[in-house]
Amino acid sequence: MTTTSEPTELSEPALSVRQVLTLERVLAGEPEVVAGAGQLDRPVRWVHVAEAPDVGVMLTGGEMVLTTGVLLAGDEDKQAEYIRSLHRAEASAVVLGLGRAFPAPPEVMRRAAERCGLPMVVLHRPFPFAELTEEVQCRLVRRKFAAVSLSESVRTALTALITSGAPLQSLLDEVASHSACPVVVTNLAHRVLATAGERSAVDDVLRDWERIARQAGGSEGDGWIRAELAGRGERWGQIMLCGHRGDTTTGRLLADRAAEALVLHRMLGGNSAHTWEEQSAQSLLTDLVSGVVPARQLLPRARAAGLPVNRRTFVPLVVRDVEPGQLDRVLRMVGLSGLVAELADGAVAVLLSLARDQDAPVLTANFAARVHSEAARTVVAAADPRTAWDDVPTGLREAQHVADAADSSAALDLPAVVRLRDVHLRGLIRLLRDDPHVQSFAERELDGLLCAADEDMLSVLRTYLATGRNKSRTAQLHHVSRPALYRRLEAIQTRLGVDLDDFEQAASVHIALLAHDAQQS
């Protein structure tokens with residue numbers, strides 16, 4: 001992996017030795033690589049024609065040196081020193097035109113170049129060096145201008161996104177469109193926070209992320225280019241171009257521009273109350289709940305985000321009336337692995353990942369107890385534990401349904417961990433609330449109260465039915481005398497045209513009221 005640290009403008013765009021050798025004008029000279037064949041991807045920053053034996057002192061590195069060797073003929077010591085001086089000067093390659101001085105490749109120079117790892121190329125046909133220098137210099141200048149243009153284009157596009165309040169994902173999508181490869185943002189622990197690029201290519205990268213994250217380095221030109229994310233003296237992550245197919249300089253430029261934009265985006269707060277870590281968890285859990293993306297395709301993202309997924313038991317939870325940050329703290333306090341994210345309806349999803357030999361019900365109960373100690377008036381809804389990752393989306397939706405049903409009435413006496421069996425009829429009504437027949441039934445049964453829009457009467461009726469038609473408890477909860485309550489109940493029965501002492505009629509009204517409340521929420 002190539003780590004960028006200096007501004008990219010300081011490094012000039014380069015061609016590789018291999019690329020120079022494929023130019024038509026060079027091919028006309030019938031080039032042959034006689035040494036250093038494994039170093040042909042070295043960058044060529046410039047082309048220099050020189051016959052002087054001490055040419056190395058005039059180089060600054062990255063030059064391809066062209067020579068006929070006329071001043072080296074007949075002196076093997078000079079020939080060997082010539083190659084060594086080029087190596088010390090970090091020349092990219094030496095090209096020797098065969099002719100009067102050297103009708104064949106000089107063995108001394110070839111051996112010295114091989115020992116130094118310096119590419120040595122001989123031209124078997126006479127070749128005007130001026131044509132080669134002109135061709136390469138023109139190409140390098142064009143690449144320089146193209147690089148400057150690309151730099152400004154990327155910077156302008158990213159700045160526009162930041163000033164318009166675009167989310168992090170929009171910035172990464174823009175970078176991916178320019179780099180044409182997967183883009184990954186990680187924290188310092190190499191956990192993936194965000195990705196962009198073609199979905200299948202991103203999944204391929206994430207599938208092998210553990211190996212990639214451990215990889216300490218690599219050779220230039222391998223396409224794995226990263227830039228550190230840091231500001232105000234603090235490092236917090238990196239952005240990586242994964243398998244960039246363009247030249248290394250362009251990749252470095254894109255990574256640097258992306259890093260600058262991401263640092264600015266983070267410093268400005270990203271117009272979001274959520275950290276990148278929270279956004280990553282939210283994106284993953286939202287995709288799991290929605291079912292739009294198959295769970296199997298989300299597995300690499302979960303693993304790369306740091307969630308243990310191999311031979312684990314997963315406990316899907318949904319918690320009401322609590323902040324995600326509080327649940328993150330609780331996870332750390334109880335020492336459990338998991339992801340926390342706020343869902344679209346304001347509930348917070350929690351996916352616990354437990355070892356197979358751990359007691360899932362006990363650990364879930366411990367987690368819920370700690371949550372209740374942090375936020376007393378909250379609902380912790382859980383689905384049954386899942387041992388298969390493919391079953392996690394169904395579990396999350398079940399927990400969400402239980403949380404919705406349990407949250408719909410404060411009169412319910414709920415356990416610390418609410419499960420599907422605890423929401424009974426209320427849970428069924430929540431599932432059927434959008435059915436037109438159920439909606440019509442609720443309107444018909446409650447018409448006498450809904451037309452009058454009498455919320456006080458509805459509240460009394462709700463409490464009376466939820467307490468099992470306990471008049472004393474209802475009067476107490478509404479702070480009225482029993483005679484006053486009797487009068488209200490009589491008025492309710494008159495408006496609805498029912499007898500609440502009749503079990504079937506009371507049950508019908510109760511179901512209609514549950515459906516009405518579910519629709520309103």
# chains A, B, ... in the order shown; residues from 1 in each chain; ligands from 1
call {"tool": "residues_around", "arguments": {"residues": "Ala475 in chain A", "least_positions_apart": "4", "cutoff": "12 Å", "atoms": "only C-alpha atoms", "output": "VMD selection string"}}
result
chain A and resid 459 to 461 463 to 464 467 469 to 471 479 to 489
call {"tool": "write_last_selection", "arguments": {"atoms": "N, CA, C and O atoms", "output": "PDB file, in the first residue's frame"}}
result
ATOM      1  N   SER A 459     -59.668   8.387  26.525  1.00  0.00           N
ATOM      2  CA  SER A 459     -58.652   8.071  27.525  1.00  0.00           C
ATOM      3  C   SER A 459     -59.244   7.244  28.658  1.00  0.00           C
ATOM      4  O   SER A 459     -58.641   6.268  29.119  1.00  0.00           O
ATOM      5  N   VAL A 460     -60.456   7.639  29.105  1.00  0.00           N
ATOM      6  CA  VAL A 460     -61.120   6.872  30.165  1.00  0.00           C
ATOM      7  C   VAL A 460     -61.437   5.464  29.688  1.00  0.00           C
ATOM      8  O   VAL A 460     -61.201   4.475  30.402  1.00  0.00           O
ATOM      9  N   LEU A 461     -61.957   5.358  28.461  1.00  0.00           N
ATOM     10  CA  LEU A 461     -62.279   4.048  27.905  1.00  0.00           C
ATOM     11  C   LEU A 461     -61.032   3.189  27.785  1.00  0.00           C
ATOM     12  O   LEU A 461     -61.041   1.990  28.106  1.00  0.00           O
ATOM     13  N   THR A 463     -58.219   3.313  29.530  1.00  0.00           N
ATOM     14  CA  THR A 463     -57.763   2.865  30.845  1.00  0.00           C
ATOM     15  C   THR A 463     -58.684   1.794  31.409  1.00  0.00           C
ATOM     16  O   THR A 463     -58.233   0.791  31.984  1.00  0.00           O
ATOM     17  N   TYR A 464     -59.985   1.989  31.263  1.00  0.00           N
ATOM     18  CA  TYR A 464     -60.977   1.053  31.802  1.00  0.00           C
ATOM     19  C   TYR A 464     -60.787  -0.335  31.193  1.00  0.00           C
ATOM     20  O   TYR A 464     -60.804  -1.354  31.912  1.00  0.00           O
ATOM     21  N   THR A 467     -57.311  -2.022  32.179  1.00  0.00           N
ATOM     22  CA  THR A 467     -57.234  -2.521  33.567  1.00  0.00           C
ATOM     23  C   THR A 467     -58.196  -3.676  33.810  1.00  0.00           C
ATOM     24  O   THR A 467     -58.414  -4.067  34.964  1.00  0.00           O
ATOM     25  N   ARG A 469     -61.459  -3.696  33.081  1.00  0.00           N
ATOM     26  CA  ARG A 469     -62.733  -3.114  33.515  1.00  0.00           C
ATOM     27  C   ARG A 469     -62.787  -2.953  35.036  1.00  0.00           C
ATOM     28  O   ARG A 469     -63.815  -3.173  35.667  1.00  0.00           O
ATOM     29  N   ASN A 470     -61.663  -2.586  35.590  1.00  0.00           N
ATOM     30  CA  ASN A 470     -61.574  -2.327  37.039  1.00  0.00           C
ATOM     31  C   ASN A 470     -61.925  -0.864  37.281  1.00  0.00           C
ATOM     32  O   ASN A 470     -61.127   0.034  37.014  1.00  0.00           O
ATOM     33  N   LYS A 471     -63.129  -0.629  37.794  1.00  0.00           N
ATOM     34  CA  LYS A 471     -63.619   0.744  37.944  1.00  0.00           C
ATOM     35  C   LYS A 471     -62.858   1.507  39.017  1.00  0.00           C
ATOM     36  O   LYS A 471     -62.567   2.701  38.857  1.00  0.00           O
ATOM     37  N   HIS A 479     -57.984  10.210  38.682  1.00  0.00           N
ATOM     38  CA  HIS A 479     -58.172  11.171  39.774  1.00  0.00           C
ATOM     39  C   HIS A 479     -59.610  11.714  39.819  1.00  0.00           C
ATOM     40  O   HIS A 479     -59.852  12.918  39.922  1.00  0.00           O
ATOM     41  N   VAL A 480     -60.567  10.808  39.701  1.00  0.00           N
ATOM     42  CA  VAL A 480     -61.986  11.183  39.819  1.00  0.00           C
ATOM     43  C   VAL A 480     -62.651  10.235  40.811  1.00  0.00           C
ATOM     44  O   VAL A 480     -62.143   9.149  41.114  1.00  0.00           O
ATOM     45  N   SER A 481     -63.808  10.660  41.300  1.00  0.00           N
ATOM     46  CA  SER A 481     -64.560   9.806  42.219  1.00  0.00           C
ATOM     47  C   SER A 481     -65.247   8.691  41.450  1.00  0.00           C
ATOM     48  O   SER A 481     -65.428   8.772  40.227  1.00  0.00           O
ATOM     49  N   ARG A 482     -65.637   7.634  42.141  1.00  0.00           N
ATOM     50  CA  ARG A 482     -66.319   6.528  41.479  1.00  0.00           C
ATOM     51  C   ARG A 482     -67.639   6.970  40.853  1.00  0.00           C
ATOM     52  O   ARG A 482     -67.933   6.601  39.712  1.00  0.00           O
ATOM     53  N   PRO A 483     -68.473   7.794  41.544  1.00  0.00           N
ATOM     54  CA  PRO A 483     -69.716   8.255  40.900  1.00  0.00           C
ATOM     55  C   PRO A 483     -69.431   9.034  39.610  1.00  0.00           C
ATOM     56  O   PRO A 483     -70.140   8.881  38.619  1.00  0.00           O
ATOM     57  N   ALA A 484     -68.382   9.873  39.640  1.00  0.00           N
ATOM     58  CA  ALA A 484     -68.042  10.632  38.418  1.00  0.00           C
ATOM     59  C   ALA A 484     -67.624   9.695  37.303  1.00  0.00           C
ATOM     60  O   ALA A 484     -67.960   9.892  36.126  1.00  0.00           O
ATOM     61  N   LEU A 485     -66.894   8.644  37.669  1.00  0.00           N
ATOM     62  CA  LEU A 485     -66.485   7.673  36.654  1.00  0.00           C
ATOM     63  C   LEU A 485     -67.699   6.938  36.087  1.00  0.00           C
ATOM     64  O   LEU A 485     -67.776   6.711  34.873  1.00  0.00           O
ATOM     65  N   TYR A 486     -68.636   6.563  36.958  1.00  0.00           N
ATOM     66  CA  TYR A 486     -69.831   5.868  36.479  1.00  0.00           C
ATOM     67  C   TYR A 486     -70.571   6.715  35.444  1.00  0.00           C
ATOM     68  O   TYR A 486     -71.055   6.198  34.428  1.00  0.00           O
ATOM     69  N   ARG A 487     -70.666   8.020  35.714  1.00  0.00           N
ATOM     70  CA  ARG A 487     -71.364   8.896  34.776  1.00  0.00           C
ATOM     71  C   ARG A 487     -70.630   8.935  33.422  1.00  0.00           C
ATOM     72  O   ARG A 487     -71.262   8.935  32.362  1.00  0.00           O
ATOM     73  N   ARG A 488     -69.308   8.971  33.478  1.00  0.00           N
ATOM     74  CA  ARG A 488     -68.544   8.991  32.218  1.00  0.00           C
ATOM     75  C   ARG A 488     -68.712   7.684  31.445  1.00  0.00           C
ATOM     76  O   ARG A 488     -68.858   7.682  30.216  1.00  0.00           O
ATOM     77  N   LEU A 489     -68.694   6.568  32.170  1.00  0.00           N
ATOM     78  CA  LEU A 489     -68.870   5.282  31.503  1.00  0.00           C
ATOM     79  C   LEU A 489     -70.259   5.162  30.885  1.00  0.00           C
ATOM     80  O   LEU A 489     -70.422   4.602  29.794  1.00  0.00           O
TER      81      LEU A 489
END
call {"tool": "residues_around", "arguments": {"residues": "range 254-269 of chain A", "least_positions_apart": "5", "cutoff": "9 Å", "atoms": "only C-alpha atoms", "output": "short mmCIF file (atom, residue, chain, number, x, y, z; two decimals) with N, CA and C atoms, in the first residue's frame"}}
result
data_model
loop_
_atom_site.label_atom_id
_atom_site.label_comp_id
_atom_site.auth_asym_id
_atom_site.auth_seq_id
_atom_site.Cartn_x
_atom_site.Cartn_y
_atom_site.Cartn_z
N THR A 4 0.20 8.15 1.46
CA THR A 4 0.45 9.52 1.05
C THR A 4 0.64 10.39 2.26
N SER A 5 1.60 11.28 2.17
CA SER A 5 1.83 12.21 3.26
C SER A 5 2.13 13.60 2.76
N GLU A 6 2.73 13.70 1.56
CA GLU A 6 3.05 15.00 1.00
C GLU A 6 1.98 15.42 0.01
N PRO A 7 1.76 16.72 -0.19
CA PRO A 7 0.81 17.15 -1.19
C PRO A 7 1.18 16.61 -2.55
N THR A 8 0.19 16.12 -3.29
CA THR A 8 0.47 15.44 -4.54
C THR A 8 1.07 16.36 -5.58
N LEU A 150 -7.42 17.47 -13.08
CA LEU A 150 -8.16 16.52 -12.28
C LEU A 150 -8.21 16.95 -10.82
N SER A 151 -7.07 17.42 -10.33
CA SER A 151 -7.00 17.89 -8.94
C SER A 151 -8.01 18.98 -8.67
N VAL A 154 -11.69 17.57 -8.90
CA VAL A 154 -12.09 16.80 -7.71
C VAL A 154 -12.29 17.73 -6.53
N ARG A 155 -11.34 18.65 -6.34
CA ARG A 155 -11.46 19.57 -5.20
C ARG A 155 -12.73 20.42 -5.30
N LEU A 158 -15.88 18.19 -4.56
CA LEU A 158 -16.01 17.83 -3.15
C LEU A 158 -16.34 19.04 -2.29
N THR A 159 -15.74 20.18 -2.60
CA THR A 159 -16.04 21.40 -1.84
C THR A 159 -17.51 21.79 -2.01
N ILE A 162 -19.61 19.60 0.20
CA ILE A 162 -19.49 19.95 1.62
C ILE A 162 -20.30 21.20 1.93
N GLY A 165 -23.95 20.76 2.33
CA GLY A 165 -24.40 19.94 3.44
C GLY A 165 -24.58 18.48 3.10
N PRO A 167 -24.03 14.48 2.81
CA PRO A 167 -23.51 13.50 3.77
C PRO A 167 -22.19 12.90 3.30
N LEU A 168 -21.54 12.21 4.20
CA LEU A 168 -20.26 11.56 3.90
C LEU A 168 -20.35 10.66 2.68
N LEU A 171 -19.79 12.32 -0.69
CA LEU A 171 -18.39 12.63 -0.96
C LEU A 171 -17.65 11.39 -1.46
N LEU A 172 -17.89 10.26 -0.80
CA LEU A 172 -17.20 9.04 -1.20
C LEU A 172 -17.65 8.56 -2.58
N VAL A 175 -15.68 10.50 -5.06
CA VAL A 175 -14.31 10.00 -5.17
C VAL A 175 -14.27 8.70 -5.96
N HIS A 178 -14.42 9.12 -9.71
CA HIS A 178 -13.16 9.56 -10.31
C HIS A 178 -12.11 8.45 -10.31
N SER A 179 -12.09 7.65 -9.26
CA SER A 179 -11.04 6.63 -9.14
C SER A 179 -11.39 5.33 -9.83
N ILE A 225 -3.84 2.37 -2.44
CA ILE A 225 -3.32 3.70 -2.09
C ILE A 225 -4.15 4.27 -0.95
N ARG A 226 -3.49 4.76 0.07
CA ARG A 226 -4.22 5.28 1.22
C ARG A 226 -3.71 6.64 1.63
N ALA A 227 -4.55 7.38 2.30
CA ALA A 227 -4.17 8.69 2.84
C ALA A 227 -4.72 8.79 4.25
N GLU A 228 -3.92 9.35 5.11
CA GLU A 228 -4.33 9.48 6.51
C GLU A 228 -5.38 10.58 6.68
N LEU A 229 -6.29 10.37 7.62
CA LEU A 229 -7.29 11.37 7.98
C LEU A 229 -6.88 11.96 9.32
N ALA A 230 -6.48 13.21 9.30
CA ALA A 230 -5.98 13.84 10.52
C ALA A 230 -6.22 15.33 10.45
N GLY A 231 -6.38 15.93 11.62
CA GLY A 231 -6.57 17.37 11.72
C GLY A 231 -6.42 17.82 13.15
N GLN A 238 -8.28 6.56 8.03
CA GLN A 238 -7.65 6.65 6.72
C GLN A 238 -8.69 6.37 5.64
N ILE A 239 -8.39 6.87 4.46
CA ILE A 239 -9.21 6.55 3.28
C ILE A 239 -8.33 5.76 2.34
N MET A 240 -8.89 4.73 1.72
CA MET A 240 -8.09 3.84 0.89
C MET A 240 -8.77 3.64 -0.46
N LEU A 241 -7.96 3.77 -1.52
CA LEU A 241 -8.39 3.38 -2.86
C LEU A 241 -7.94 1.93 -3.05
N THR A 249 0.57 8.18 -9.33
CA THR A 249 0.49 9.61 -9.02
C THR A 249 -0.95 10.09 -9.01
N HIS A 274 -24.58 12.52 14.05
CA HIS A 274 -24.01 11.19 14.22
C HIS A 274 -22.55 11.16 13.78
N THR A 275 -21.75 10.38 14.50
CA THR A 275 -20.36 10.17 14.10
C THR A 275 -20.34 9.22 12.91
N TRP A 276 -19.17 9.13 12.26
CA TRP A 276 -19.05 8.20 11.14
C TRP A 276 -19.30 6.76 11.59
#
call {"tool": "residues_around", "arguments": {"residues": "Gly61 in chain A", "least_positions_apart": "6", "cutoff": "7 Å", "atoms": "only C-alpha atoms", "output": "list in words"}}
result
Ala89, Glu90 and Ala91 of chain A
call {"tool": "select_by_dssp", "arguments": {"residues": "range 59-241 of chain A", "states": "alpha helix (DSSP H)", "output": "JSON, numbers by chain"}}
result
{"A": [76, 77, 78, 79, 80, 81, 82, 83, 84, 85, 86, 87, 88, 107, 108, 109, 110, 111, 112, 113, 114, 115, 116, 129, 130, 131, 132, 133, 134, 135, 136, 137, 138, 139, 140, 141, 142, 143, 144, 145, 146, 147, 148, 149, 150, 151, 152, 153, 154, 155, 156, 157, 158, 159, 160, 161, 162, 163, 168, 169, 170, 171, 172, 173, 174, 175, 176, 177, 178, 179, 199, 200, 201, 202, 203, 204, 205, 206, 207, 209, 210, 211, 212, 213, 214]}
call {"tool": "closest_residue", "arguments": {"among": "A:Val289, A:Leu118, A:Ala383, A:Ala189", "to": "Gly38 in chain A", "atoms": "only C-alpha atoms"}}
result
A:Leu118
call {"tool": "residues_around", "arguments": {"residues": "Ala506 in chain A", "least_positions_apart": "4", "cutoff": "12 Å", "atoms": "only C-alpha atoms", "output": "list of chain:residue names"}}
result
A:Glu445, A:Leu446, A:Leu461, A:Arg462, A:Tyr464, A:Leu465, A:Ala466, A:Gly468, A:Arg469, A:Ile492, A:Gln493, A:Leu496, A:Gly497, A:Val498, A:Asp499, A:Leu500, A:Asp501, A:Asp502, A:His510, A:Ile511, A:Ala512, A:Leu513
call {"tool": "residues_around", "arguments": {"residues": "range 95-103 of chain A", "least_positions_apart": "3", "cutoff": "7 Å", "atoms": "only C-alpha atoms", "output": "list in words"}}
result
Val65, Leu66, Thr67, Thr68, Gly69, Val70, Ala73, Pro106, Met120, Val121, Val122, Leu123, His124 and Pro126 of chain A
call {"tool": "select_by_dssp", "arguments": {"residues": "range 31-249 of chain A", "states": "strand (DSSP E or B)", "output": "ChimeraX atom specification"}}
result
/A:31-35,43-44,46-49,63-67,93-97,120-123,183-187,192-196,224-231,234-242
call {"tool": "residues_around", "arguments": {"residues": "Leu299 in chain A", "least_positions_apart": "2", "cutoff": "10 Å", "atoms": "only C-alpha atoms", "output": "PyMOL selection string"}}
result
chain A and resi 203+206-207+284+288+294-297+301-305+307+309+389-390
